[in-house]
file structure16.pdb (PDB, C-alpha atoms, pLDDT in the B column)
ATOM      1  CA  MET A  69      -0.676  -2.867 -31.027  1.00 45.00           C
ATOM      2  CA  HIS A  70      -0.804   0.548 -32.660  1.00 46.00           C
ATOM      3  CA  ASN A  71      -4.038   1.445 -30.814  1.00 49.00           C
ATOM      4  CA  SER A  72      -2.570   0.588 -27.403  1.00 46.00           C
ATOM      5  CA  VAL A  73       0.493   2.760 -28.101  1.00 43.00           C
ATOM      6  CA  LEU A  74      -1.785   5.593 -29.224  1.00 45.00           C
ATOM      7  CA  LYS A  75      -3.929   5.214 -26.085  1.00 50.00           C
ATOM      8  CA  ASN A  76      -0.799   5.274 -23.882  1.00 51.00           C
ATOM      9  CA  ASP A  77       0.420   8.436 -25.625  1.00 56.00           C
ATOM     10  CA  MET A  78      -2.994  10.074 -25.135  1.00 56.00           C
ATOM     11  CA  ALA A  79      -3.095   9.069 -21.464  1.00 60.00           C
ATOM     12  CA  TYR A  80       0.424  10.470 -21.024  1.00 56.00           C
ATOM     13  CA  ASP A  81      -0.527  13.769 -22.699  1.00 66.00           C
ATOM     14  CA  ASP A  82      -3.728  13.992 -20.623  1.00 71.00           C
ATOM     15  CA  SER A  83      -1.916  13.301 -17.340  1.00 73.00           C
ATOM     16  CA  LEU A  84       0.851  15.739 -18.141  1.00 73.00           C
ATOM     17  CA  SER A  85      -1.661  18.461 -19.094  1.00 78.00           C
ATOM     18  CA  ARG A  86      -3.609  17.936 -15.863  1.00 83.00           C
ATOM     19  CA  ILE A  87      -0.447  18.030 -13.721  1.00 82.00           C
ATOM     20  CA  LEU A  88       0.859  21.174 -15.424  1.00 81.00           C
ATOM     21  CA  GLY A  89      -2.587  22.780 -15.089  1.00 83.00           C
ATOM     22  CA  ILE A  90      -2.620  22.142 -11.353  1.00 85.00           C
ATOM     23  CA  LEU A  91       0.907  23.485 -10.982  1.00 83.00           C
ATOM     24  CA  SER A  92       0.033  26.644 -12.896  1.00 85.00           C
ATOM     25  CA  LEU A  93      -2.891  27.231 -10.504  1.00 88.00           C
ATOM     26  CA  ILE A  94      -0.677  26.998  -7.400  1.00 86.00           C
ATOM     27  CA  LYS A  95       2.601  28.417  -8.739  1.00 81.00           C
ATOM     28  CA  GLU A  96       2.295  31.519  -6.533  1.00 85.00           C
ATOM     29  CA  ASP A  97       1.248  29.593  -3.397  1.00 81.00           C
ATOM     30  CA  SER A  98       4.385  28.448  -1.558  1.00 76.00           C
ATOM     31  CA  VAL A  99       2.391  26.387   0.957  1.00 79.00           C
ATOM     32  CA  MET A 100       0.614  24.409  -1.759  1.00 81.00           C
ATOM     33  CA  LEU A 101       3.868  23.963  -3.707  1.00 75.00           C
ATOM     34  CA  SER A 102       5.504  22.624  -0.538  1.00 72.00           C
ATOM     35  CA  LYS A 103       2.677  20.099  -0.158  1.00 77.00           C
ATOM     36  CA  VAL A 104       3.080  18.946  -3.766  1.00 76.00           C
ATOM     37  CA  CYS A 105       6.840  18.694  -3.320  1.00 68.00           C
ATOM     38  CA  ALA A 106       6.452  16.714  -0.083  1.00 67.00           C
ATOM     39  CA  PHE A 107       4.035  14.331  -1.795  1.00 73.00           C
ATOM     40  CA  LEU A 108       6.374  13.798  -4.748  1.00 70.00           C
ATOM     41  CA  GLU A 109       9.341  13.174  -2.468  1.00 61.00           C
ATOM     42  CA  ALA A 110       7.400  10.789  -0.235  1.00 64.00           C
ATOM     43  CA  GLU A 111       5.393   8.874  -2.831  1.00 67.00           C
ATOM     44  CA  ILE A 112       6.960   9.204  -6.268  1.00 67.00           C
ATOM     45  CA  VAL A 113      10.724   9.437  -5.684  1.00 57.00           C
ATOM     46  CA  PRO A 114      10.917   6.141  -3.722  1.00 59.00           C
ATOM     47  CA  GLU A 115       9.121   4.404  -6.605  1.00 58.00           C
ATOM     48  CA  LEU A 116      11.629   5.830  -9.074  1.00 54.00           C
ATOM     49  CA  GLU A 117      14.515   4.701  -6.879  1.00 53.00           C
ATOM     50  CA  LYS A 118      13.093   1.159  -6.823  1.00 53.00           C
ATOM     51  CA  GLU A 119      13.147   1.148 -10.614  1.00 49.00           C
ATOM     52  CA  ASP A 120      16.839   2.127 -10.603  1.00 57.00           C
ATOM     53  CA  THR A 121      17.774  -0.838  -8.432  1.00 70.00           C
ATOM     54  CA  ILE A 122      20.413  -2.943 -10.090  1.00 82.00           C
ATOM     55  CA  VAL A 123      19.404  -6.539 -10.641  1.00 88.00           C
ATOM     56  CA  ILE A 124      22.013  -9.273 -10.896  1.00 93.00           C
ATOM     57  CA  PRO A 125      21.505 -13.008 -11.477  1.00 94.00           C
ATOM     58  CA  GLU A 126      20.170 -14.830  -8.413  1.00 95.00           C
ATOM     59  CA  LYS A 127      23.272 -17.023  -8.128  1.00 95.00           C
ATOM     60  CA  TYR A 128      25.340 -13.883  -7.442  1.00 96.00           C
ATOM     61  CA  GLU A 129      22.634 -12.133  -5.397  1.00 96.00           C
ATOM     62  CA  ALA A 130      22.803 -14.987  -2.880  1.00 96.00           C
ATOM     63  CA  LEU A 131      26.434 -14.009  -2.140  1.00 97.00           C
ATOM     64  CA  VAL A 132      25.926 -10.251  -1.797  1.00 97.00           C
ATOM     65  CA  ASN A 133      25.092 -10.075   1.921  1.00 97.00           C
ATOM     66  CA  GLY A 134      28.001 -12.291   2.987  1.00 97.00           C
ATOM     67  CA  ILE A 135      30.513 -10.280   0.991  1.00 98.00           C
ATOM     68  CA  ALA A 136      29.050  -7.005   2.295  1.00 97.00           C
ATOM     69  CA  GLN A 137      29.316  -8.238   5.902  1.00 96.00           C
ATOM     70  CA  SER A 138      32.953  -9.235   5.389  1.00 96.00           C
ATOM     71  CA  LEU A 139      33.849  -5.886   3.834  1.00 96.00           C
ATOM     72  CA  GLN A 140      32.383  -4.066   6.823  1.00 95.00           C
ATOM     73  CA  ILE A 141      34.777  -5.798   9.208  1.00 93.00           C
ATOM     74  CA  GLY A 142      37.887  -5.172   7.116  1.00 90.00           C
ATOM     75  CA  PHE A 143      38.168  -8.197   4.849  1.00 93.00           C
ATOM     76  CA  ILE A 144      39.019  -8.137   1.182  1.00 94.00           C
ATOM     77  CA  CYS A 145      36.904 -10.640  -0.715  1.00 96.00           C
ATOM     78  CA  TYR A 146      37.534 -12.472  -3.936  1.00 96.00           C
ATOM     79  CA  LEU A 147      34.692 -14.015  -5.876  1.00 97.00           C
ATOM     80  CA  ASN A 148      35.313 -16.807  -8.345  1.00 97.00           C
ATOM     81  CA  MET A 149      32.837 -15.765 -11.035  1.00 96.00           C
ATOM     82  CA  ASP A 150      32.670 -19.328 -12.386  1.00 95.00           C
ATOM     83  CA  SER A 151      32.395 -21.511  -9.262  1.00 97.00           C
ATOM     84  CA  LEU A 152      30.901 -18.768  -7.003  1.00 97.00           C
ATOM     85  CA  GLU A 153      33.463 -19.561  -4.328  1.00 97.00           C
ATOM     86  CA  VAL A 154      34.354 -16.626  -2.091  1.00 97.00           C
ATOM     87  CA  GLU A 155      37.713 -16.155  -0.401  1.00 95.00           C
ATOM     88  CA  GLU A 156      38.004 -13.654   2.446  1.00 94.00           C
ATOM     89  CA  ILE A 157      41.372 -12.296   3.485  1.00 91.00           C
ATOM     90  CA  HIS A 158      41.958  -9.753   6.218  1.00 85.00           C
ATOM     91  CA  GLN A 159      43.586  -6.556   4.983  1.00 75.00           C
ATOM     92  CA  ASP A 160      46.627  -7.055   7.275  1.00 68.00           C
ATOM     93  CA  SER A 161      47.337 -10.534   5.869  1.00 70.00           C
ATOM     94  CA  LEU A 162      47.040  -9.332   2.309  1.00 62.00           C
ATOM     95  CA  ASP A 163      49.283  -6.342   3.003  1.00 61.00           C
ATOM     96  CA  ALA A 164      51.927  -8.717   4.396  1.00 59.00           C
ATOM     97  CA  TYR A 165      51.648 -10.877   1.282  1.00 59.00           C
ATOM     98  CA  ARG A 166      51.861  -7.876  -1.034  1.00 61.00           C
ATOM     99  CA  GLY A 167      54.770  -6.578   1.006  1.00 60.00           C
ATOM    100  CA  GLY A 168      56.916  -9.539   0.062  1.00 60.00           C
ATOM    101  CA  MET A 169      55.796 -12.498   2.140  1.00 58.00           C
ATOM    102  CA  ASP A 170      57.131 -15.687   0.596  1.00 57.00           C
ATOM    103  CA  GLU A 171      54.491 -17.184  -1.740  1.00 54.00           C
ATOM    104  CA  GLU A 172      55.122 -20.608  -0.245  1.00 54.00           C
ATOM    105  CA  GLU A 173      53.899 -19.283   3.120  1.00 59.00           C
ATOM    106  CA  VAL A 174      50.433 -18.513   1.754  1.00 63.00           C
ATOM    107  CA  SER A 175      47.844 -20.613   0.052  1.00 78.00           C
ATOM    108  CA  TYR A 176      45.389 -18.097  -1.315  1.00 84.00           C
ATOM    109  CA  LYS A 177      42.913 -19.820  -3.593  1.00 90.00           C
ATOM    110  CA  HIS A 178      42.137 -16.682  -5.584  1.00 89.00           C
ATOM    111  CA  LEU A 179      45.667 -16.675  -6.986  1.00 87.00           C
ATOM    112  CA  THR A 180      44.736 -19.706  -9.106  1.00 91.00           C
ATOM    113  CA  TRP A 181      41.352 -18.402 -10.267  1.00 95.00           C
ATOM    114  CA  GLU A 182      41.163 -17.113 -13.819  1.00 93.00           C
ATOM    115  CA  ASN A 183      37.822 -15.341 -13.625  1.00 94.00           C
ATOM    116  CA  LYS A 184      37.691 -13.482 -10.303  1.00 95.00           C
ATOM    117  CA  LEU A 185      36.366 -10.251  -8.898  1.00 96.00           C
ATOM    118  CA  GLU A 186      38.014  -8.413  -6.001  1.00 95.00           C
ATOM    119  CA  PHE A 187      36.016  -6.468  -3.414  1.00 96.00           C
ATOM    120  CA  GLU A 188      37.847  -4.085  -1.117  1.00 92.00           C
ATOM    121  CA  PRO A 189      36.412  -2.289   1.918  1.00 89.00           C
ATOM    122  CA  LEU A 190      35.023   1.122   1.070  1.00 91.00           C
ATOM    123  CA  HIS A 191      37.360   4.092   1.048  1.00 90.00           C
ATOM    124  CA  SER A 192      36.859   6.499   3.929  1.00 91.00           C
ATOM    125  CA  SER A 193      35.200   9.060   1.632  1.00 92.00           C
ATOM    126  CA  GLU A 194      32.592   6.469   0.578  1.00 93.00           C
ATOM    127  CA  ALA A 195      32.017   5.390   4.177  1.00 94.00           C
ATOM    128  CA  PHE A 196      31.634   9.060   5.141  1.00 95.00           C
ATOM    129  CA  ARG A 197      29.014   9.537   2.402  1.00 94.00           C
ATOM    130  CA  ILE A 198      27.018   6.607   3.815  1.00 96.00           C
ATOM    131  CA  MET A 199      27.009   8.278   7.254  1.00 97.00           C
ATOM    132  CA  GLU A 200      25.869  11.559   5.657  1.00 96.00           C
ATOM    133  CA  ASP A 201      23.127   9.781   3.717  1.00 95.00           C
ATOM    134  CA  PHE A 202      21.927   8.060   6.884  1.00 97.00           C
ATOM    135  CA  ALA A 203      21.819  11.306   8.851  1.00 96.00           C
ATOM    136  CA  SER A 204      20.071  13.179   6.022  1.00 94.00           C
ATOM    137  CA  GLN A 205      17.235  10.692   5.713  1.00 95.00           C
ATOM    138  CA  LEU A 206      16.305  10.704   9.407  1.00 95.00           C
ATOM    139  CA  ASP A 207      12.837  12.033  10.239  1.00 94.00           C
ATOM    140  CA  ASN A 208      13.912  13.253  13.677  1.00 95.00           C
ATOM    141  CA  LEU A 209      15.247  16.739  12.874  1.00 95.00           C
ATOM    142  CA  LYS A 210      17.101  17.098  16.177  1.00 96.00           C
ATOM    143  CA  VAL A 211      19.037  13.841  15.723  1.00 96.00           C
ATOM    144  CA  ARG A 212      19.637  14.654  12.051  1.00 96.00           C
ATOM    145  CA  GLU A 213      21.188  18.015  12.995  1.00 96.00           C
ATOM    146  CA  ILE A 214      23.308  16.442  15.755  1.00 97.00           C
ATOM    147  CA  LEU A 215      24.703  13.816  13.364  1.00 97.00           C
ATOM    148  CA  LEU A 216      25.369  16.300  10.562  1.00 96.00           C
ATOM    149  CA  ASP A 217      27.144  18.540  13.078  1.00 97.00           C
ATOM    150  CA  ILE A 218      29.241  15.573  14.264  1.00 97.00           C
ATOM    151  CA  LEU A 219      30.228  14.885  10.657  1.00 96.00           C
ATOM    152  CA  ASP A 220      31.487  18.466  10.300  1.00 96.00           C
ATOM    153  CA  ARG A 221      33.826  18.173  13.293  1.00 95.00           C
ATOM    154  CA  LYS A 222      37.170  16.467  13.846  1.00 95.00           C
ATOM    155  CA  LYS A 223      37.167  12.664  14.154  1.00 96.00           C
ATOM    156  CA  PRO A 224      33.729  12.281  12.550  1.00 96.00           C
ATOM    157  CA  PHE A 225      33.879   8.466  12.359  1.00 95.00           C
ATOM    158  CA  ALA A 226      34.593   7.998  16.063  1.00 96.00           C
ATOM    159  CA  HIS A 227      32.057  10.580  17.217  1.00 97.00           C
ATOM    160  CA  PHE A 228      29.361   9.345  14.806  1.00 97.00           C
ATOM    161  CA  ASN A 229      29.769   5.737  15.951  1.00 96.00           C
ATOM    162  CA  ASN A 230      29.831   6.766  19.613  1.00 97.00           C
ATOM    163  CA  PHE A 231      26.592   8.707  19.223  1.00 97.00           C
ATOM    164  CA  ILE A 232      24.870   5.962  17.219  1.00 97.00           C
ATOM    165  CA  HIS A 233      25.880   3.168  19.605  1.00 95.00           C
ATOM    166  CA  HIS A 234      24.326   5.060  22.508  1.00 96.00           C
ATOM    167  CA  SER A 235      21.121   5.992  20.687  1.00 96.00           C
ATOM    168  CA  ASN A 236      17.862   4.414  19.608  1.00 96.00           C
ATOM    169  CA  TYR A 237      19.125   4.499  16.004  1.00 97.00           C
ATOM    170  CA  ARG A 238      21.748   1.784  16.402  1.00 96.00           C
ATOM    171  CA  GLU A 239      19.823  -0.968  14.581  1.00 97.00           C
ATOM    172  CA  ASP A 240      18.606   1.469  11.909  1.00 97.00           C
ATOM    173  CA  TRP A 241      22.193   2.491  11.259  1.00 97.00           C
ATOM    174  CA  PHE A 242      23.411  -1.103  10.940  1.00 96.00           C
ATOM    175  CA  ALA A 243      20.613  -1.936   8.508  1.00 96.00           C
ATOM    176  CA  PHE A 244      21.260   1.213   6.454  1.00 96.00           C
ATOM    177  CA  LYS A 245      25.008   0.623   6.355  1.00 97.00           C
ATOM    178  CA  THR A 246      24.619  -3.033   5.374  1.00 96.00           C
ATOM    179  CA  SER A 247      22.209  -2.066   2.618  1.00 95.00           C
ATOM    180  CA  ALA A 248      24.720   0.479   1.269  1.00 95.00           C
ATOM    181  CA  TYR A 249      27.516  -2.115   1.308  1.00 96.00           C
ATOM    182  CA  GLU A 250      25.252  -4.625  -0.400  1.00 96.00           C
ATOM    183  CA  GLN A 251      24.513  -2.098  -3.121  1.00 94.00           C
ATOM    184  CA  HIS A 252      28.259  -1.502  -3.527  1.00 94.00           C
ATOM    185  CA  VAL A 253      28.859  -5.252  -3.980  1.00 96.00           C
ATOM    186  CA  ARG A 254      25.891  -5.580  -6.324  1.00 95.00           C
ATOM    187  CA  ASN A 255      27.177  -2.683  -8.452  1.00 92.00           C
ATOM    188  CA  GLN A 256      30.602  -4.286  -8.827  1.00 94.00           C
ATOM    189  CA  ILE A 257      29.123  -7.615  -9.873  1.00 95.00           C
ATOM    190  CA  TYR A 258      26.793  -5.884 -12.315  1.00 93.00           C
ATOM    191  CA  LEU A 259      29.674  -3.963 -13.906  1.00 90.00           C
ATOM    192  CA  GLU A 260      31.780  -7.109 -14.160  1.00 91.00           C
ATOM    193  CA  LEU A 261      28.970  -9.037 -15.836  1.00 90.00           C
ATOM    194  CA  ASP A 262      28.245  -6.100 -18.140  1.00 81.00           C
ATOM    195  CA  GLN A 263      31.861  -6.189 -19.428  1.00 75.00           C
ATOM    196  CA  GLU A 264      31.710  -9.879 -20.328  1.00 65.00           C
TER     197      GLU A 264
END
call {"tool": "encode", "arguments": {"input": "structure16.pdb", "output": "structure tokens"}}
result
Amino acid sequence: MHNSVLKNDMAYDDSLSRILGILSLIKEDSVMLSKVCAFLEAEIVPELEKEDTIVIPEKYEALVNGIAQSLQIGFICYLNMDSLEVEEIHQDSLDAYRGGMDEEEVSYKHLTWENKLEFEPLHSSEAFRIMEDFASQLDNLKVREILLDILDRKKPFAHFNNFIHHSNYREDWFAFKTSAYEQHVRNQIYLELDQE
């Protein structure tokens, strides 16, 4: 055991020394530094991001996509953490209930659940950040600049969606947005489980 730890430490020191040696050789060469930076961003950073992915128990993971889809179309979702039942309620209905609708007029299941988690649609600032993140990661510089410019103008949500829906990036956007919502749901479940 001790030998394997020592070998790992030596390999780490050797790798670090070699990397720093290479960097010291090219520190004055902006072209070479740009190549190293591009390699790190393309090859290493995505691997690091994979490692940071939050993992939740499979029984909850199976519910993530459905909840994310519902949030995207304006539903508030409640998850019974014990039975894994999900209740979806449109924002307008819930607002009416919260505004004083007679409790006998509604039969929301989540009101009887002891151990529940509420998911609300993202705030506009969070939704805006997802649009920015999508635009920033595009390889097509022209489209990236157009979208970032749209996000700097008035009515960014309407103009962004109009551009996307009439572009070749429509499906990419839907996949990116769904993935971001799924991560949001996953994070909430993870935090809830972490508090138990």
call {"tool": "residues_around", "arguments": {"input": "structure16.pdb", "residues": "Leu206 in chain A", "least_positions_apart": "4", "cutoff": "10 Å", "atoms": "all atoms listed in the file", "output": "number ranges by chain"}}
result
A: 201-202, 210-213, 215, 237, 240
call {"tool": "residues_around", "arguments": {"input": "structure16.pdb", "residues": "Pro224 in chain A", "least_positions_apart": "3", "cutoff": "12 Å", "atoms": "all atoms listed in the file", "output": "list in words"}}
result
Ser192, Ser193, Ala195, Phe196, Arg197, Met199, Glu200, Ile214, Leu215, Leu216, Asp217, Ile218, Leu219, Asp220, Arg221, His227, Phe228, Asn229, Asn230, Phe231 and Ile232 of chain A
call {"tool": "closest_residue", "arguments": {"input": "structure16.pdb", "among": "A:Asn208, A:Leu179, A:Ala136, A:Leu185", "to": "Ala243 in chain A", "atoms": "all atoms listed in the file"}}
result
A:Ala136
call {"tool": "residues_around", "arguments": {"input": "structure16.pdb", "residues": "Leu190 in chain A", "least_positions_apart": "3", "cutoff": "10 Å", "atoms": "all atoms listed in the file", "output": "VMD selection string"}}
result
chain A and resid 139 to 140 142 187 193 to 196 249 252
call {"tool": "residues_near_point", "arguments": {"input": "structure16.pdb", "point": "(28.2, -10.9, -10.4)", "cutoff": "8 Å", "atoms": "all atoms listed in the file", "output": "list in words"}}
result
Ile124, Pro125, Tyr128, Glu129, Met149, Arg254, Gln256, Ile257, Tyr258, Leu259, Glu260 and Leu261 of chain A
call {"tool": "atom_distance", "arguments": {"input": "structure16.pdb", "atom1": "CA of Val253 in chain A", "atom2": "CA of Thr121 in chain A"}}
result
12.7 Å
call {"tool": "atom_distance", "arguments": {"input": "structure16.pdb", "atom1": "CA of Thr180 in chain A", "atom2": "CA of Thr246 in chain A"}}
result
29.9 Å
call {"tool": "closest_residue", "arguments": {"input": "structure16.pdb", "among": "A:Ile198, A:Leu88, A:Ala226, A:Lys95", "to": "Phe244 in chain A", "atoms": "only C-alpha atoms"}}
result
A:Ile198
